[in-house]
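For reference, the structure is listed below as structure tokens.
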Amino acid sequence: MKNEIQQKLEQIALNRSIPFCYGCYKEAPTACCESCGSDDLMRLLPGVGCEYGTHWIIKHILETEIDAADLEEAFEESIRQCYPEETKVGWMTFDTVTLMKENDPVSWRCALCDYESEEESEGNILSFDNGSTYFSIQSVEDFIEQEGA
């Protein structure tokens, strides 16, 4: 599924960008520079920049047009659904999630990493940068559908 999404994002990147001859510093919409005949062309994304390939365009699209998944918030919500909202210790009452996060931050981070891995393996989220940023599959698919790819 990720490969299919990646291909669609590449197509969107190609549709939004223009072939560009950096040597002549001219657009080359025919995929060959009319001035020098070169087919070694960069991609120009108007208003953003010019570079080889489409990975940088996809990165720009992901950063500016699709909200990254807030996995910490989703994990907290998951914990709130599994455990009581408040935990009583002696005569004191604490928010359960806050109690867990503050009293064992290492365990909390480990559980959050497990949650991220599970969400990714179930196909609910995906990353294009080796796990630094995750996106909801649904939000990426909605974006692709809006773009008509």
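FYI, nothing fancy with the structure tokens labels: chains A, B, ... in order, residues from 1 per chain, ligands from 1 as they appear.
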task: Identify, on the basis of only C-alpha atoms, every residue whose closest approach to segment 5-17 of chain A does not exceed 6 Å; exclude the query and any residue fewer than 4 positions from it along the same chain; express the result as a ChimeraX atom specification.
output: /A:43-45,57,149
Closest-contact table, segment 98-138 of chain A side, partner segment 73-84 of chain A, 10 Å, counting only C-alpha atoms, as JSON lines:
{"residue": "A:Thr98", "atom": "CA", "partner": "A:Glu76", "partner_atom": "CA", "distance": 9.4}
{"residue": "A:Met100", "atom": "CA", "partner": "A:Ile79", "partner_atom": "CA", "distance": 9.9}
{"residue": "A:Lys101", "atom": "CA", "partner": "A:Glu76", "partner_atom": "CA", "distance": 9.7}
{"residue": "A:Trp108", "atom": "CA", "partner": "A:Phe75", "partner_atom": "CA", "distance": 10.0}
{"residue": "A:Ala111", "atom": "CA", "partner": "A:Phe75", "partner_atom": "CA", "distance": 8.8}
{"residue": "A:Leu112", "atom": "CA", "partner": "A:Phe75", "partner_atom": "CA", "distance": 6.6}
{"residue": "A:Cys113", "atom": "CA", "partner": "A:Phe75", "partner_atom": "CA", "distance": 9.7}
{"residue": "A:Tyr115", "atom": "CA", "partner": "A:Phe75", "partner_atom": "CA", "distance": 6.9}
{"residue": "A:Glu116", "atom": "CA", "partner": "A:Phe75", "partner_atom": "CA", "distance": 8.4}
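DSSP on the backbone gives strand (DSSP E) for these parts of segment 2-143 of chain A: Ile18, Pro19, Phe20, Cys21, Lys26, Glu27, Met42, Arg43, Leu44, Leu45, Gly49, Cys50, Glu51, Glu86, Thr87, Lys88, Val89, Met92, Thr93, Phe94, Asp95, Ile125, Leu126, Phe135 and Ser136 of chain A.
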For N, CA, C and O atoms, I'd like the residues from the last selection saved as a compact mmCIF listing (two decimals), in the first residue's frame.
# COMPACT_ATOMS: atom_id res chain seq x y z
N ILE A 18 7.74 21.63 -12.94
CA ILE A 18 8.06 21.86 -14.35
C ILE A 18 9.49 21.39 -14.60
O ILE A 18 10.40 21.73 -13.83
N PRO A 19 9.73 20.64 -15.71
CA PRO A 19 11.11 20.31 -16.05
C PRO A 19 11.90 21.61 -16.26
O PRO A 19 11.39 22.58 -16.83
N PHE A 20 13.14 21.60 -15.76
CA PHE A 20 13.93 22.84 -15.77
C PHE A 20 15.38 22.53 -16.09
O PHE A 20 15.99 21.66 -15.48
N CYS A 21 15.92 23.24 -17.07
CA CYS A 21 17.34 23.11 -17.43
C CYS A 21 18.12 24.11 -16.60
O CYS A 21 18.01 25.32 -16.81
N LYS A 26 16.34 27.70 -17.81
CA LYS A 26 15.07 27.85 -18.53
C LYS A 26 14.17 26.67 -18.24
O LYS A 26 14.65 25.55 -18.06
N GLU A 27 12.87 26.94 -18.28
CA GLU A 27 11.90 25.86 -18.21
C GLU A 27 11.99 25.04 -19.48
O GLU A 27 12.27 25.58 -20.56
N MET A 42 16.20 19.23 -14.05
CA MET A 42 15.75 19.30 -12.67
C MET A 42 14.24 19.49 -12.69
O MET A 42 13.64 19.59 -13.76
N ARG A 43 13.65 19.56 -11.50
CA ARG A 43 12.21 19.87 -11.38
C ARG A 43 12.09 21.21 -10.68
O ARG A 43 12.71 21.43 -9.63
N LEU A 44 11.34 22.12 -11.27
CA LEU A 44 11.09 23.44 -10.70
C LEU A 44 9.70 23.45 -10.08
O LEU A 44 8.72 23.14 -10.75
N LEU A 45 9.65 23.78 -8.81
CA LEU A 45 8.38 23.96 -8.13
C LEU A 45 8.24 25.47 -7.89
O LEU A 45 8.92 26.02 -7.03
N GLY A 49 11.39 26.16 -5.22
CA GLY A 49 12.78 25.93 -5.58
C GLY A 49 12.93 24.99 -6.75
O GLY A 49 11.96 24.65 -7.43
N CYS A 50 14.17 24.59 -6.95
CA CYS A 50 14.53 23.75 -8.09
C CYS A 50 15.56 22.73 -7.62
O CYS A 50 16.53 23.07 -6.95
N GLU A 51 15.34 21.46 -7.95
CA GLU A 51 16.25 20.39 -7.54
C GLU A 51 15.96 19.16 -8.39
O GLU A 51 14.93 19.07 -9.03
N GLU A 86 -9.40 8.72 36.61
CA GLU A 86 -8.67 9.14 37.81
C GLU A 86 -8.21 7.92 38.59
O GLU A 86 -8.85 6.87 38.56
N THR A 87 -7.07 8.08 39.26
CA THR A 87 -6.52 7.03 40.09
C THR A 87 -6.38 7.58 41.51
O THR A 87 -5.82 8.67 41.70
N LYS A 88 -6.86 6.84 42.46
CA LYS A 88 -6.79 7.28 43.85
C LYS A 88 -5.61 6.59 44.53
O LYS A 88 -5.47 5.37 44.48
N VAL A 89 -4.75 7.39 45.12
CA VAL A 89 -3.62 6.89 45.89
C VAL A 89 -3.77 7.47 47.29
O VAL A 89 -3.62 8.68 47.49
N MET A 92 -5.40 10.93 47.98
CA MET A 92 -5.23 11.83 46.83
C MET A 92 -5.79 11.19 45.55
O MET A 92 -5.74 9.98 45.38
N THR A 93 -6.29 12.03 44.64
CA THR A 93 -6.81 11.58 43.36
C THR A 93 -6.00 12.24 42.25
O THR A 93 -5.79 13.46 42.28
N PHE A 94 -5.54 11.44 41.30
CA PHE A 94 -4.71 11.93 40.19
C PHE A 94 -5.32 11.55 38.85
O PHE A 94 -6.00 10.53 38.73
N ASP A 95 -5.02 12.37 37.85
CA ASP A 95 -5.34 11.99 36.47
C ASP A 95 -4.43 10.81 36.12
O ASP A 95 -3.21 10.88 36.27
N ILE A 125 -1.11 4.32 10.07
CA ILE A 125 -0.20 5.45 9.88
C ILE A 125 0.94 5.02 8.98
O ILE A 125 1.20 3.82 8.83
N LEU A 126 1.61 5.99 8.37
CA LEU A 126 2.81 5.68 7.61
C LEU A 126 3.77 6.84 7.68
O LEU A 126 3.38 7.97 7.97
N PHE A 135 2.04 10.07 9.34
CA PHE A 135 0.81 10.63 8.80
C PHE A 135 -0.27 9.57 8.85
O PHE A 135 0.00 8.39 8.61
N SER A 136 -1.47 10.00 9.12
CA SER A 136 -2.61 9.10 9.07
C SER A 136 -2.82 8.68 7.62
O SER A 136 -2.79 9.51 6.71
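Going from atom CA of Val140 of chain A to atom CA of Leu62 of chain A covers 8.6 Å.
Minimum atom-to-atom distance to Glu63 of chain A, evaluated using only C-alpha atoms, belongs to A:Thr133 out of A:Thr96, A:Thr30, A:Ser35, A:Thr133.
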task: Write out as a PyMOL selection string all residues of chain A that DSSP puts in alpha helix (DSSP H) for this structure's backbone.
output: chain A and resi 2-16+55-65+71-82+96-103+105-121+137-147
Residue subset to file, keeping C-alpha atoms, as a short mmCIF file (atom, residue, chain, number, x, y, z; two decimals), in the first residue's frame:
data_model
loop_
_atom_site.label_atom_id
_atom_site.label_comp_id
_atom_site.auth_asym_id
_atom_site.auth_seq_id
_atom_site.Cartn_x
_atom_site.Cartn_y
_atom_site.Cartn_z
CA LYS A 2 2.82 2.42 0.84
CA ASN A 3 4.35 1.90 -2.61
CA GLU A 4 1.01 2.73 -4.25
CA ILE A 5 0.69 5.89 -2.17
CA GLN A 6 4.32 6.80 -2.89
CA GLN A 7 3.69 6.45 -6.65
CA LYS A 8 0.61 8.66 -6.45
CA LEU A 9 2.53 11.30 -4.48
CA GLU A 10 5.30 11.18 -7.11
CA GLN A 11 2.70 11.74 -9.82
CA ILE A 12 1.32 14.73 -7.91
CA ALA A 13 4.88 16.07 -7.57
CA LEU A 14 5.44 15.69 -11.31
CA ASN A 15 2.12 17.38 -12.09
CA ARG A 16 2.93 20.35 -9.86
CA HIS A 55 11.48 13.49 -3.15
CA TRP A 56 11.97 17.10 -2.09
CA ILE A 57 8.62 18.08 -3.66
CA ILE A 58 6.85 15.24 -1.84
CA LYS A 59 8.51 16.33 1.40
CA HIS A 60 7.32 19.91 0.82
CA ILE A 61 3.77 18.72 0.11
CA LEU A 62 3.71 16.55 3.25
CA GLU A 63 5.06 19.36 5.43
CA THR A 64 2.76 22.09 4.11
CA GLU A 65 -0.48 20.40 3.09
CA LEU A 71 0.56 10.00 18.06
CA GLU A 72 1.14 11.13 21.62
CA GLU A 73 -2.39 12.54 21.78
CA ALA A 74 -3.85 9.42 20.15
CA PHE A 75 -1.93 7.22 22.58
CA GLU A 76 -3.18 9.25 25.55
CA GLU A 77 -6.74 8.86 24.28
CA SER A 78 -6.21 5.11 23.93
CA ILE A 79 -4.96 4.91 27.52
CA ARG A 80 -7.92 6.99 28.73
CA GLN A 81 -10.28 4.49 27.08
CA CYS A 82 -8.56 1.52 28.75
CA THR A 96 -4.27 8.47 35.42
CA VAL A 97 -2.41 9.50 32.24
CA THR A 98 -0.54 12.31 33.99
CA LEU A 99 0.36 9.95 36.82
CA MET A 100 1.77 7.40 34.38
CA LYS A 101 3.71 9.95 32.30
CA GLU A 102 5.26 11.77 35.25
CA ASN A 103 6.07 8.81 37.49
CA PRO A 105 8.54 8.46 31.76
CA VAL A 106 10.73 5.62 30.44
CA SER A 107 7.88 3.14 30.57
CA TRP A 108 5.57 5.73 29.00
CA ARG A 109 7.96 6.27 26.06
CA CYS A 110 8.35 2.50 25.59
CA ALA A 111 4.59 2.04 25.54
CA LEU A 112 4.23 4.96 23.11
CA CYS A 113 6.82 3.36 20.80
CA ASP A 114 4.92 0.07 20.96
CA TYR A 115 1.72 1.95 20.10
CA GLU A 116 3.41 3.63 17.10
CA SER A 117 4.72 0.29 15.86
CA GLU A 118 1.30 -1.33 16.22
CA GLU A 119 -0.46 1.53 14.41
CA GLU A 120 2.09 1.33 11.58
CA SER A 121 1.87 -2.46 11.26
CA ILE A 137 -3.21 6.85 6.05
CA GLN A 138 -6.67 8.38 5.81
CA SER A 139 -5.39 11.96 5.62
CA VAL A 140 -2.86 11.05 2.91
CA GLU A 141 -5.49 9.14 0.91
CA ASP A 142 -7.93 12.07 1.26
CA PHE A 143 -5.24 14.43 -0.03
CA ILE A 144 -4.48 12.17 -3.01
CA GLU A 145 -8.20 11.91 -3.80
CA GLN A 146 -8.53 15.73 -3.69
CA GLU A 147 -5.63 16.01 -6.11
#
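Separating atom CA of Cys33 of chain A from atom CA of Pro46 of chain A is a distance of 17.9 Å.
Straight-line separation from atom CA of Cys36 of chain A to atom CA of Val48 of chain A: 24.8 Å.
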